[in-house]
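J.: TSV, N, CA, C and O atoms, file data37.tsv:
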chain	number	residue	atom	x	y	z
A	1	MET	N	166.55	52.54	54.01
A	1	MET	CA	166.77	52.33	52.60
A	1	MET	C	167.85	51.26	52.41
A	1	MET	O	167.68	50.41	51.57
A	2	ALA	N	168.90	51.34	53.17
A	2	ALA	CA	169.96	50.34	53.05
A	2	ALA	C	169.42	48.95	53.37
A	2	ALA	O	169.82	47.97	52.76
A	3	TYR	N	168.48	48.90	54.33
A	3	TYR	CA	167.87	47.63	54.68
A	3	TYR	C	167.17	47.02	53.46
A	3	TYR	O	167.35	45.85	53.15
A	4	LEU	N	166.38	47.81	52.76
A	4	LEU	CA	165.67	47.31	51.58
A	4	LEU	C	166.64	46.89	50.49
A	4	LEU	O	166.47	45.85	49.86
A	5	GLU	N	167.65	47.71	50.26
A	5	GLU	CA	168.64	47.38	49.24
A	5	GLU	C	169.40	46.11	49.60
A	5	GLU	O	169.75	45.33	48.72
A	6	SER	N	169.62	45.88	50.90
A	6	SER	CA	170.30	44.65	51.31
A	6	SER	C	169.43	43.41	51.09
A	6	SER	O	169.92	42.30	51.08
A	7	HIS	N	168.14	43.64	50.89
A	7	HIS	CA	167.22	42.55	50.57
A	7	HIS	C	166.88	42.52	49.07
A	7	HIS	O	165.81	42.08	48.67
A	8	ARG	N	167.82	43.02	48.29
A	8	ARG	CA	167.76	42.97	46.83
A	8	ARG	C	166.60	43.75	46.20
A	8	ARG	O	166.08	43.37	45.15
A	9	LEU	N	166.21	44.82	46.84
A	9	LEU	CA	165.20	45.70	46.26
A	9	LEU	C	165.91	46.92	45.68
A	9	LEU	O	166.88	47.41	46.24
A	10	VAL	N	165.40	47.38	44.56
A	10	VAL	CA	165.92	48.58	43.92
A	10	VAL	C	164.91	49.69	44.18
A	10	VAL	O	163.74	49.59	43.80
A	11	VAL	N	165.35	50.73	44.86
A	11	VAL	CA	164.47	51.84	45.19
A	11	VAL	C	164.30	52.73	43.96
A	11	VAL	O	165.27	53.18	43.37
A	12	LEU	N	163.03	52.97	43.61
A	12	LEU	CA	162.71	53.79	42.45
A	12	LEU	C	162.34	55.22	42.84
A	12	LEU	O	162.63	56.15	42.11
A	13	SER	N	161.65	55.38	43.98
A	13	SER	CA	161.23	56.70	44.46
A	13	SER	C	161.22	56.72	45.97
A	13	SER	O	160.95	55.69	46.60
A	14	ARG	N	161.50	57.90	46.52
A	14	ARG	CA	161.40	58.13	47.97
A	14	ARG	C	160.58	59.39	48.21
A	14	ARG	O	160.76	60.39	47.51
A	15	ASN	N	159.70	59.32	49.19
A	15	ASN	CA	158.88	60.48	49.58
A	15	ASN	C	158.20	61.13	48.38
A	15	ASN	O	158.22	62.35	48.22
A	16	TRP	N	157.60	60.29	47.54
A	16	TRP	CA	156.93	60.77	46.32
A	16	TRP	C	155.55	61.31	46.70
A	16	TRP	O	154.78	60.66	47.39
A	17	ARG	N	155.26	62.53	46.25
A	17	ARG	CA	154.01	63.20	46.62
A	17	ARG	C	153.15	63.47	45.40
A	17	ARG	O	153.65	63.76	44.31
A	18	CYS	N	151.84	63.43	45.66
A	18	CYS	CA	150.85	63.79	44.64
A	18	CYS	C	149.60	64.26	45.38
A	18	CYS	O	149.56	64.27	46.62
A	19	ALA	N	148.55	64.60	44.66
A	19	ALA	CA	147.31	65.08	45.28
A	19	ALA	C	146.69	64.02	46.19
A	19	ALA	O	146.04	64.34	47.18
A	20	GLU	N	146.90	62.76	45.85
A	20	GLU	CA	146.29	61.66	46.62
A	20	GLU	C	147.03	61.37	47.92
A	20	GLU	O	146.50	60.69	48.79
A	21	GLY	N	148.27	61.81	48.04
A	21	GLY	CA	149.03	61.55	49.26
A	21	GLY	C	150.51	61.39	48.97
A	21	GLY	O	151.03	61.92	47.99
A	22	GLU	N	151.17	60.63	49.83
A	22	GLU	CA	152.61	60.43	49.71
A	22	GLU	C	152.94	58.95	49.80
A	22	GLU	O	152.32	58.20	50.54
A	23	LEU	N	153.94	58.55	49.02
A	23	LEU	CA	154.48	57.19	49.10
A	23	LEU	C	155.88	57.30	49.69
A	23	LEU	O	156.73	58.02	49.15
A	24	ASP	N	156.11	56.62	50.80
A	24	ASP	CA	157.42	56.69	51.44
A	24	ASP	C	158.50	56.12	50.54
A	24	ASP	O	159.50	56.76	50.28
A	25	ILE	N	158.29	54.89	50.07
A	25	ILE	CA	159.28	54.23	49.21
A	25	ILE	C	158.55	53.41	48.15
A	25	ILE	O	157.61	52.67	48.47
A	26	VAL	N	158.99	53.54	46.91
A	26	VAL	CA	158.55	52.66	45.83
A	26	VAL	C	159.79	51.94	45.34
A	26	VAL	O	160.80	52.57	45.03
A	27	ALA	N	159.72	50.62	45.31
A	27	ALA	CA	160.87	49.80	44.94
A	27	ALA	C	160.41	48.69	44.01
A	27	ALA	O	159.23	48.52	43.74
A	28	THR	N	161.38	47.92	43.55
A	28	THR	CA	161.07	46.75	42.74
A	28	THR	C	162.04	45.63	43.09
A	28	THR	O	163.18	45.88	43.49
A	29	ASP	N	161.55	44.42	42.92
A	29	ASP	CA	162.41	43.24	43.05
A	29	ASP	C	162.60	42.60	41.69
A	29	ASP	O	162.94	41.44	41.59
A	30	THR	N	162.38	43.35	40.64
A	30	THR	CA	162.43	43.00	39.21
A	30	THR	C	161.22	42.21	38.74
A	30	THR	O	161.04	42.07	37.54
A	31	ARG	N	160.39	41.74	39.65
A	31	ARG	CA	159.17	41.02	39.25
A	31	ARG	C	157.92	41.82	39.55
A	31	ARG	O	156.89	41.59	38.94
A	32	ARG	N	157.99	42.71	40.52
A	32	ARG	CA	156.81	43.45	40.92
A	32	ARG	C	157.21	44.79	41.53
A	32	ARG	O	158.36	45.01	41.90
A	33	LEU	N	156.22	45.65	41.63
A	33	LEU	CA	156.37	46.93	42.28
A	33	LEU	C	156.12	46.71	43.77
A	33	LEU	O	155.18	46.00	44.14
A	34	ILE	N	156.94	47.29	44.62
A	34	ILE	CA	156.77	47.14	46.06
A	34	ILE	C	156.67	48.54	46.66
A	34	ILE	O	157.60	49.34	46.55
A	35	VAL	N	155.52	48.81	47.25
A	35	VAL	CA	155.27	50.10	47.88
A	35	VAL	C	155.44	49.90	49.38
A	35	VAL	O	154.80	49.03	49.97
A	36	VAL	N	156.33	50.69	49.98
A	36	VAL	CA	156.67	50.51	51.39
A	36	VAL	C	156.26	51.73	52.19
A	36	VAL	O	156.69	52.85	51.91
A	37	GLU	N	155.43	51.50	53.19
A	37	GLU	CA	155.06	52.54	54.15
A	37	GLU	C	155.98	52.36	55.36
A	37	GLU	O	156.10	51.25	55.89
A	38	VAL	N	156.63	53.44	55.78
A	38	VAL	CA	157.57	53.37	56.90
A	38	VAL	C	156.94	54.10	58.09
A	38	VAL	O	156.49	55.25	57.96
A	39	LYS	N	156.89	53.42	59.22
A	39	LYS	CA	156.36	54.01	60.46
A	39	LYS	C	157.40	53.84	61.55
A	39	LYS	O	157.93	52.75	61.73
A	40	ALA	N	157.67	54.92	62.28
A	40	ALA	CA	158.67	54.87	63.36
A	40	ALA	C	158.08	55.43	64.64
A	40	ALA	O	157.24	56.34	64.61
A	41	ARG	N	158.54	54.86	65.75
A	41	ARG	CA	158.12	55.31	67.07
A	41	ARG	C	159.32	55.22	68.02
A	41	ARG	O	160.17	54.34	67.87
A	42	SER	N	159.32	56.10	69.01
A	42	SER	CA	160.37	56.03	70.04
A	42	SER	C	159.80	55.55	71.36
A	42	SER	O	160.54	55.39	72.33
A	43	SER	N	158.49	55.33	71.39
A	43	SER	CA	157.83	54.88	72.60
A	43	SER	C	156.73	53.89	72.22
A	43	SER	O	156.15	53.98	71.14
A	44	GLY	N	156.44	52.99	73.12
A	44	GLY	CA	155.37	52.03	72.89
A	44	GLY	C	154.03	52.50	73.41
A	44	GLY	O	153.05	51.74	73.43
A	45	SER	N	153.93	53.76	73.81
A	45	SER	CA	152.70	54.30	74.40
A	45	SER	C	151.47	54.14	73.52
A	45	SER	O	150.37	53.97	74.01
A	46	PHE	N	151.66	54.22	72.22
A	46	PHE	CA	150.53	54.14	71.30
A	46	PHE	C	150.53	52.82	70.54
A	46	PHE	O	149.91	52.70	69.49
A	47	GLY	N	151.23	51.84	71.05
A	47	GLY	CA	151.29	50.54	70.39
A	47	GLY	C	152.43	50.50	69.39
A	47	GLY	O	153.20	51.44	69.24
A	48	PRO	N	152.52	49.38	68.67
A	48	PRO	CA	153.59	49.25	67.68
A	48	PRO	C	153.41	50.23	66.53
A	48	PRO	O	152.28	50.64	66.22
A	49	PRO	N	154.51	50.63	65.89
A	49	PRO	CA	154.43	51.62	64.81
A	49	PRO	C	153.45	51.23	63.69
A	49	PRO	O	152.73	52.08	63.18
A	50	GLU	N	153.40	49.95	63.35
A	50	GLU	CA	152.55	49.53	62.23
A	50	GLU	C	151.06	49.74	62.50
A	50	GLU	O	150.25	49.79	61.58
A	51	ARG	N	150.70	49.90	63.77
A	51	ARG	CA	149.29	50.14	64.10
A	51	ARG	C	148.80	51.48	63.53
A	51	ARG	O	147.60	51.68	63.37
A	52	ALA	N	149.71	52.38	63.22
A	52	ALA	CA	149.35	53.68	62.65
A	52	ALA	C	148.91	53.58	61.20
A	52	ALA	O	148.44	54.56	60.62
A	53	VAL	N	149.04	52.41	60.59
A	53	VAL	CA	148.60	52.23	59.20
A	53	VAL	C	147.13	51.80	59.25
A	53	VAL	O	146.81	50.62	59.33
A	54	THR	N	146.27	52.80	59.19
A	54	THR	CA	144.83	52.60	59.29
A	54	THR	C	144.22	52.30	57.92
A	54	THR	O	144.89	52.44	56.88
A	55	GLN	N	142.96	51.93	57.91
A	55	GLN	CA	142.27	51.70	56.64
A	55	GLN	C	142.25	52.96	55.78
A	55	GLN	O	142.39	52.89	54.56
A	56	ARG	N	142.10	54.11	56.41
A	56	ARG	CA	142.12	55.37	55.66
A	56	ARG	C	143.50	55.58	55.02
A	56	ARG	O	143.61	55.99	53.86
A	57	LYS	N	144.57	55.31	55.78
A	57	LYS	CA	145.93	55.45	55.26
A	57	LYS	C	146.15	54.48	54.10
A	57	LYS	O	146.75	54.83	53.09
A	58	ILE	N	145.67	53.26	54.26
A	58	ILE	CA	145.80	52.25	53.20
A	58	ILE	C	145.13	52.73	51.91
A	58	ILE	O	145.69	52.61	50.82
A	59	ALA	N	143.94	53.30	52.04
A	59	ALA	CA	143.22	53.81	50.86
A	59	ALA	C	144.02	54.91	50.18
A	59	ALA	O	144.10	54.96	48.94
A	60	ARG	N	144.63	55.79	50.95
A	60	ARG	CA	145.44	56.87	50.38
A	60	ARG	C	146.69	56.32	49.69
A	60	ARG	O	147.09	56.80	48.63
A	61	ILE	N	147.32	55.33	50.30
A	61	ILE	CA	148.51	54.72	49.70
A	61	ILE	C	148.14	54.05	48.38
A	61	ILE	O	148.85	54.19	47.38
A	62	ARG	N	147.03	53.34	48.36
A	62	ARG	CA	146.59	52.69	47.11
A	62	ARG	C	146.31	53.72	46.02
A	62	ARG	O	146.70	53.54	44.87
A	63	ALA	N	145.63	54.81	46.37
A	63	ALA	CA	145.33	55.86	45.40
A	63	ALA	C	146.62	56.53	44.91
A	63	ALA	O	146.78	56.78	43.70
A	64	ALA	N	147.54	56.81	45.81
A	64	ALA	CA	148.81	57.42	45.42
A	64	ALA	C	149.62	56.47	44.54
A	64	ALA	O	150.31	56.90	43.61
A	65	THR	N	149.53	55.18	44.81
A	65	THR	CA	150.23	54.19	43.98
A	65	THR	C	149.71	54.23	42.55
A	65	THR	O	150.49	54.16	41.59
A	66	GLN	N	148.41	54.35	42.39
A	66	GLN	CA	147.85	54.44	41.04
A	66	GLN	C	148.34	55.71	40.34
A	66	GLN	O	148.65	55.69	39.15
A	67	ALA	N	148.43	56.81	41.08
A	67	ALA	CA	148.95	58.06	40.50
A	67	ALA	C	150.42	57.89	40.11
A	67	ALA	O	150.84	58.36	39.04
A	68	TRP	N	151.19	57.22	40.95
A	68	TRP	CA	152.61	56.96	40.63
A	68	TRP	C	152.71	56.14	39.36
A	68	TRP	O	153.52	56.44	38.47
A	69	ARG	N	151.90	55.10	39.26
A	69	ARG	CA	151.93	54.25	38.06
A	69	ARG	C	151.55	55.04	36.81
A	69	ARG	O	152.15	54.84	35.75
A	70	ARG	N	150.57	55.93	36.93
A	70	ARG	CA	150.20	56.77	35.77
A	70	ARG	C	151.36	57.67	35.38
A	70	ARG	O	151.70	57.79	34.20
A	71	GLU	N	151.99	58.31	36.37
A	71	GLU	CA	153.09	59.23	36.06
A	71	GLU	C	154.26	58.52	35.39
A	71	GLU	O	154.89	59.06	34.48
A	72	TYR	N	154.56	57.32	35.84
A	72	TYR	CA	155.71	56.59	35.29
A	72	TYR	C	155.30	55.59	34.20
A	72	TYR	O	156.13	54.80	33.76
A	73	ARG	N	154.04	55.66	33.79
A	73	ARG	CA	153.51	54.84	32.68
A	73	ARG	C	153.77	53.34	32.90
A	73	ARG	O	154.25	52.64	32.00
A	74	ILE	N	153.45	52.89	34.10
A	74	ILE	CA	153.55	51.46	34.42
A	74	ILE	C	152.12	50.98	34.62
A	74	ILE	O	151.51	51.20	35.67
A	75	SER	N	151.58	50.35	33.58
A	75	SER	CA	150.16	50.02	33.64
A	75	SER	C	149.87	48.67	34.28
A	75	SER	O	149.00	48.56	35.12
A	76	HIS	N	150.58	47.64	33.87
A	76	HIS	CA	150.27	46.31	34.38
A	76	HIS	C	151.50	45.66	35.00
A	76	HIS	O	152.45	45.32	34.30
A	77	CYS	N	151.44	45.52	36.29
A	77	CYS	CA	152.48	44.78	37.00
A	77	CYS	C	151.94	44.42	38.37
A	77	CYS	O	151.12	45.15	38.93
A	78	PRO	N	152.38	43.32	38.91
A	78	PRO	CA	151.94	42.98	40.26
A	78	PRO	C	152.48	44.01	41.26
A	78	PRO	O	153.57	44.56	41.07
A	79	ILE	N	151.70	44.25	42.31
A	79	ILE	CA	152.09	45.21	43.34
A	79	ILE	C	152.00	44.52	44.70
A	79	ILE	O	151.05	43.79	44.97
A	80	ARG	N	153.00	44.77	45.53
A	80	ARG	CA	152.95	44.31	46.91
A	80	ARG	C	153.09	45.53	47.81
A	80	ARG	O	153.89	46.42	47.54
A	81	PHE	N	152.27	45.57	48.85
A	81	PHE	CA	152.31	46.67	49.81
A	81	PHE	C	152.92	46.16	51.11
A	81	PHE	O	152.40	45.22	51.72
A	82	ASP	N	154.03	46.78	51.52
A	82	ASP	CA	154.74	46.40	52.73
A	82	ASP	C	154.68	47.53	53.75
A	82	ASP	O	154.47	48.69	53.39
A	83	VAL	N	154.91	47.17	55.00
A	83	VAL	CA	155.09	48.16	56.06
A	83	VAL	C	156.40	47.82	56.76
A	83	VAL	O	156.64	46.67	57.12
A	84	VAL	N	157.24	48.83	56.92
A	84	VAL	CA	158.45	48.68	57.71
A	84	VAL	C	158.25	49.52	58.96
A	84	VAL	O	158.04	50.74	58.86
A	85	SER	N	158.23	48.86	60.10
A	85	SER	CA	158.08	49.60	61.36
A	85	SER	C	159.43	49.64	62.06
A	85	SER	O	160.17	48.66	62.07
A	86	VAL	N	159.71	50.80	62.62
A	86	VAL	CA	160.97	51.01	63.33
A	86	VAL	C	160.63	51.49	64.74
A	86	VAL	O	159.97	52.51	64.92
A	87	PHE	N	161.04	50.72	65.72
A	87	PHE	CA	160.89	51.12	67.11
A	87	PHE	C	162.28	51.52	67.60
A	87	PHE	O	163.20	50.70	67.61
A	88	TRP	N	162.44	52.79	67.93
A	88	TRP	CA	163.74	53.33	68.30
A	88	TRP	C	163.64	54.01	69.66
A	88	TRP	O	163.41	55.22	69.76
A	89	PRO	N	163.82	53.24	70.73
A	89	PRO	CA	163.72	53.83	72.06
A	89	PRO	C	164.87	54.81	72.32
A	89	PRO	O	165.95	54.66	71.76
A	90	PRO	N	164.63	55.81	73.15
A	90	PRO	CA	165.65	56.84	73.41
A	90	PRO	C	166.97	56.26	73.92
A	90	PRO	O	168.03	56.80	73.64
A	91	SER	N	166.91	55.16	74.66
A	91	SER	CA	168.15	54.63	75.23
A	91	SER	C	168.45	53.23	74.70
A	91	SER	O	168.80	52.33	75.45
A	92	GLY	N	168.32	53.06	73.40
A	92	GLY	CA	168.58	51.74	72.86
A	92	GLY	C	168.76	51.77	71.36
A	92	GLY	O	168.72	52.81	70.72
A	93	SER	N	168.96	50.60	70.82
A	93	SER	CA	169.14	50.45	69.38
A	93	SER	C	167.79	50.30	68.70
A	93	SER	O	166.84	49.78	69.27
A	94	PRO	N	167.71	50.73	67.45
A	94	PRO	CA	166.44	50.59	66.72
A	94	PRO	C	166.14	49.12	66.42
A	94	PRO	O	167.05	48.32	66.19
A	95	ARG	N	164.85	48.79	66.45
A	95	ARG	CA	164.39	47.46	66.06
A	95	ARG	C	163.47	47.63	64.87
A	95	ARG	O	162.50	48.39	64.91
A	96	LEU	N	163.78	46.92	63.82
A	96	LEU	CA	163.04	47.03	62.57
A	96	LEU	C	162.23	45.77	62.34
A	96	LEU	O	162.69	44.67	62.61
A	97	HIS	N	161.01	45.95	61.86
A	97	HIS	CA	160.14	44.82	61.54
A	97	HIS	C	159.56	45.06	60.15
A	97	HIS	O	158.91	46.08	59.92
A	98	HIS	N	159.78	44.14	59.22
A	98	HIS	CA	159.34	44.27	57.84
A	98	HIS	C	158.15	43.34	57.63
A	98	HIS	O	158.29	42.13	57.64
A	99	LEU	N	156.98	43.94	57.41
A	99	LEU	CA	155.77	43.18	57.14
A	99	LEU	C	155.55	43.16	55.63
A	99	LEU	O	155.09	44.15	55.05
A	100	ARG	N	155.88	42.05	55.00
A	100	ARG	CA	155.70	41.92	53.55
A	100	ARG	C	154.25	41.58	53.25
A	100	ARG	O	153.65	40.76	53.92
A	101	GLY	N	153.69	42.23	52.22
A	101	GLY	CA	152.31	41.97	51.87
A	101	GLY	C	151.35	42.35	53.00
A	101	GLY	O	150.39	41.65	53.28
A	102	ALA	N	151.62	43.48	53.64
A	102	ALA	CA	150.86	43.89	54.83
A	102	ALA	C	149.39	44.18	54.52
A	102	ALA	O	148.53	44.00	55.35
A	103	PHE	N	149.11	44.64	53.31
A	103	PHE	CA	147.72	44.91	52.92
A	103	PHE	C	147.58	44.81	51.42
A	103	PHE	O	148.51	44.66	50.70
Here is the file; what I need is its structure written in the form of structure tokens.
T.:
Amino acid sequence: MAYLESHRLVVLSRNWRCAEGELDIVATDTRRLIVVEVKARSSGSFGPPERAVTQRKIARIRAATQAWRREYRISHCPIRFDVVSVFWPPSGSPRLHHLRGAF
């Protein structure tokens, strides 16, 4: 979260849940809504963390975003979907990768 705020994003919601799924982070840069999916791994056995964002997951995130917009009465605004992947090996420092406009 501090990482996003250091990049001038204002976090509006964290771990927001609805019937359609969950949104890890909803933020804004004052021009658009930015929905951030966060994926973390401590091992590279299954590939990079962002690989876990499948087409099915993307569909759920998009549906949950529409539910979020309905709840907060935000009808028309540009939306960007980002993925923040965190690779945190047991014996090292975390490495963060921010994919803007990932899908």
J.: Would you compute the distance between atom CA of A:Ile61 and atom O of A:Gly92? Give it in Å to one decimal.
T.: 29.2 Å
J.: Which residues of stretch 65-96 of chain A come within 8 Å of stretch 18-33 of chain A, and what is each one's closest atom pair and distance in Å (one decimal), counting all atoms listed in the file, sorted by chain and residue number, as a tab-separated table?
T.:
residue	atom	partner	partner_atom	distance
A:Thr65	N	A:Leu23	CA	6.9
A:Ala67	CA	A:Cys18	CA	7.3
A:Trp68	N	A:Cys18	CA	7.5
A:His76	O	A:Arg31	O	7.4
A:Cys77	C	A:Leu33	N	5.5
A:Pro78	O	A:Leu33	N	2.9
A:Ile79	CA	A:Leu33	O	3.3
A:Arg80	N	A:Leu33	O	2.9
A:Phe81	N	A:Leu33	O	5.6
A:Asp82	O	A:Ile25	O	7.1
J.: Go through A:Ala2, A:Leu99, A:Tyr72, A:Phe87 and flag the residue nearest A:Gly47, using only N, CA, C and O atoms for the distances.
T.: A:Phe87
J.: How far is it from atom CA of A:Arg8 to atom CA of A:Arg95, in Å with one decimal?
T.: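 A separation of 20.0 Å between them.
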J.: Find, counting all atoms listed in the file, the residue in A:Arg56, A:His98, A:Arg41, A:Arg51 that gets nearest to A:Val83.
T.: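 Residue with the minimum atom-to-atom distance to A:Val83: A:His98.
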J.: List every residue of chain A that DSSP, applied to the backbone of this structure, places in strand (DSSP E or B), and write the result as a PyMOL selection string.
T.: chain A and resi 10-18+21-28+33-41+79-87+95-99
J.: Which value, in Å to one decimal, gives the distance between atom CA of A:Trp88 and atom N of A:Ser42?
T.: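 Computed distance, atom CA of A:Trp88 to atom N of A:Ser42, equals 5.3 Å.
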J.: Of the residues A:Lys39, A:Lys57, A:Arg69, A:Arg62, which is the one nearest to A:Leu96, using only C-alpha atoms?
T.: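 Counting only C-alpha atoms, the residue closest to A:Leu96 is A:Lys39.
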J.: Write out as a JSON list (two decimals) with N, CA, C and O atoms, in the coordinates of the input all residues of chain A that backbone DSSP assigns to helix (DSSP H, G or I).
T.:
[["chain", "number", "residue", "atom", "x", "y", "z"],
["A", 2, "ALA", "N", 168.90, 51.34, 53.17],
["A", 2, "ALA", "CA", 169.96, 50.34, 53.05],
["A", 2, "ALA", "C", 169.42, 48.95, 53.37],
["A", 2, "ALA", "O", 169.82, 47.97, 52.76],
["A", 3, "TYR", "N", 168.48, 48.90, 54.33],
["A", 3, "TYR", "CA", 167.87, 47.63, 54.68],
["A", 3, "TYR", "C", 167.17, 47.02, 53.46],
["A", 3, "TYR", "O", 167.35, 45.85, 53.15],
["A", 4, "LEU", "N", 166.38, 47.81, 52.76],
["A", 4, "LEU", "CA", 165.67, 47.31, 51.58],
["A", 4, "LEU", "C", 166.64, 46.89, 50.49],
["A", 4, "LEU", "O", 166.47, 45.85, 49.86],
["A", 5, "GLU", "N", 167.65, 47.71, 50.26],
["A", 5, "GLU", "CA", 168.64, 47.38, 49.24],
["A", 5, "GLU", "C", 169.40, 46.11, 49.60],
["A", 5, "GLU", "O", 169.75, 45.33, 48.72],
["A", 6, "SER", "N", 169.62, 45.88, 50.90],
["A", 6, "SER", "CA", 170.30, 44.65, 51.31],
["A", 6, "SER", "C", 169.43, 43.41, 51.09],
["A", 6, "SER", "O", 169.92, 42.30, 51.08],
["A", 49, "PRO", "N", 154.51, 50.63, 65.89],
["A", 49, "PRO", "CA", 154.43, 51.62, 64.81],
["A", 49, "PRO", "C", 153.45, 51.23, 63.69],
["A", 49, "PRO", "O", 152.73, 52.08, 63.18],
["A", 50, "GLU", "N", 153.40, 49.95, 63.35],
["A", 50, "GLU", "CA", 152.55, 49.53, 62.23],
["A", 50, "GLU", "C", 151.06, 49.74, 62.50],
["A", 50, "GLU", "O", 150.25, 49.79, 61.58],
["A", 51, "ARG", "N", 150.70, 49.90, 63.77],
["A", 51, "ARG", "CA", 149.29, 50.14, 64.10],
["A", 51, "ARG", "C", 148.80, 51.48, 63.53],
["A", 51, "ARG", "O", 147.60, 51.68, 63.37],
["A", 52, "ALA", "N", 149.71, 52.38, 63.22],
["A", 52, "ALA", "CA", 149.35, 53.68, 62.65],
["A", 52, "ALA", "C", 148.91, 53.58, 61.20],
["A", 52, "ALA", "O", 148.44, 54.56, 60.62],
["A", 55, "GLN", "N", 142.96, 51.93, 57.91],
["A", 55, "GLN", "CA", 142.27, 51.70, 56.64],
["A", 55, "GLN", "C", 142.25, 52.96, 55.78],
["A", 55, "GLN", "O", 142.39, 52.89, 54.56],
["A", 56, "ARG", "N", 142.10, 54.11, 56.41],
["A", 56, "ARG", "CA", 142.12, 55.37, 55.66],
["A", 56, "ARG", "C", 143.50, 55.58, 55.02],
["A", 56, "ARG", "O", 143.61, 55.99, 53.86],
["A", 57, "LYS", "N", 144.57, 55.31, 55.78],
["A", 57, "LYS", "CA", 145.93, 55.45, 55.26],
["A", 57, "LYS", "C", 146.15, 54.48, 54.10],
["A", 57, "LYS", "O", 146.75, 54.83, 53.09],
["A", 58, "ILE", "N", 145.67, 53.26, 54.26],
["A", 58, "ILE", "CA", 145.80, 52.25, 53.20],
["A", 58, "ILE", "C", 145.13, 52.73, 51.91],
["A", 58, "ILE", "O", 145.69, 52.61, 50.82],
["A", 59, "ALA", "N", 143.94, 53.30, 52.04],
["A", 59, "ALA", "CA", 143.22, 53.81, 50.86],
["A", 59, "ALA", "C", 144.02, 54.91, 50.18],
["A", 59, "ALA", "O", 144.10, 54.96, 48.94],
["A", 60, "ARG", "N", 144.63, 55.79, 50.95],
["A", 60, "ARG", "CA", 145.44, 56.87, 50.38],
["A", 60, "ARG", "C", 146.69, 56.32, 49.69],
["A", 60, "ARG", "O", 147.09, 56.80, 48.63],
["A", 61, "ILE", "N", 147.32, 55.33, 50.30],
["A", 61, "ILE", "CA", 148.51, 54.72, 49.70],
["A", 61, "ILE", "C", 148.14, 54.05, 48.38],
["A", 61, "ILE", "O", 148.85, 54.19, 47.38],
["A", 62, "ARG", "N", 147.03, 53.34, 48.36],
["A", 62, "ARG", "CA", 146.59, 52.69, 47.11],
["A", 62, "ARG", "C", 146.31, 53.72, 46.02],
["A", 62, "ARG", "O", 146.70, 53.54, 44.87],
["A", 63, "ALA", "N", 145.63, 54.81, 46.37],
["A", 63, "ALA", "CA", 145.33, 55.86, 45.40],
["A", 63, "ALA", "C", 146.62, 56.53, 44.91],
["A", 63, "ALA", "O", 146.78, 56.78, 43.70],
["A", 64, "ALA", "N", 147.54, 56.81, 45.81],
["A", 64, "ALA", "CA", 148.81, 57.42, 45.42],
["A", 64, "ALA", "C", 149.62, 56.47, 44.54],
["A", 64, "ALA", "O", 150.31, 56.90, 43.61],
["A", 65, "THR", "N", 149.53, 55.18, 44.81],
["A", 65, "THR", "CA", 150.23, 54.19, 43.98],
["A", 65, "THR", "C", 149.71, 54.23, 42.55],
["A", 65, "THR", "O", 150.49, 54.16, 41.59],
["A", 66, "GLN", "N", 148.41, 54.35, 42.39],
["A", 66, "GLN", "CA", 147.85, 54.44, 41.04],
["A", 66, "GLN", "C", 148.34, 55.71, 40.34],
["A", 66, "GLN", "O", 148.65, 55.69, 39.15],
["A", 67, "ALA", "N", 148.43, 56.81, 41.08],
["A", 67, "ALA", "CA", 148.95, 58.06, 40.50],
["A", 67, "ALA", "C", 150.42, 57.89, 40.11],
["A", 67, "ALA", "O", 150.84, 58.36, 39.04],
["A", 68, "TRP", "N", 151.19, 57.22, 40.95],
["A", 68, "TRP", "CA", 152.61, 56.96, 40.63],
["A", 68, "TRP", "C", 152.71, 56.14, 39.36],
["A", 68, "TRP", "O", 153.52, 56.44, 38.47],
["A", 69, "ARG", "N", 151.90, 55.10, 39.26],
["A", 69, "ARG", "CA", 151.93, 54.25, 38.06],
["A", 69, "ARG", "C", 151.55, 55.04, 36.81],
["A", 69, "ARG", "O", 152.15, 54.84, 35.75],
["A", 70, "ARG", "N", 150.57, 55.93, 36.93],
["A", 70, "ARG", "CA", 150.20, 56.77, 35.77],
["A", 70, "ARG", "C", 151.36, 57.67, 35.38],
["A", 70, "ARG", "O", 151.70, 57.79, 34.20],
["A", 71, "GLU", "N", 151.99, 58.31, 36.37],
["A", 71, "GLU", "CA", 153.09, 59.23, 36.06],
["A", 71, "GLU", "C", 154.26, 58.52, 35.39],
["A", 71, "GLU", "O", 154.89, 59.06, 34.48]]
J.: Would you pick out the contacts of A:Pro49 at 7 Å or less, using only N, CA, C and O atoms, so that residues sharing its chain but fewer than 4 positions from it are not included, and give the list as a list in words?
T.: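 Once the nearby chain positions are removed, what remains is Val38, Lys39, Ala40, Arg41, Ser43, Val53, Val84, Ser85, Val86 and Phe87 of chain A.
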J.: Using only N, CA, C and O atoms, which of the listed residues (A:Ala63, A:Ile58, A:Leu4, A:Val35) sits closest to A:Gly101?
T.: A:Val35
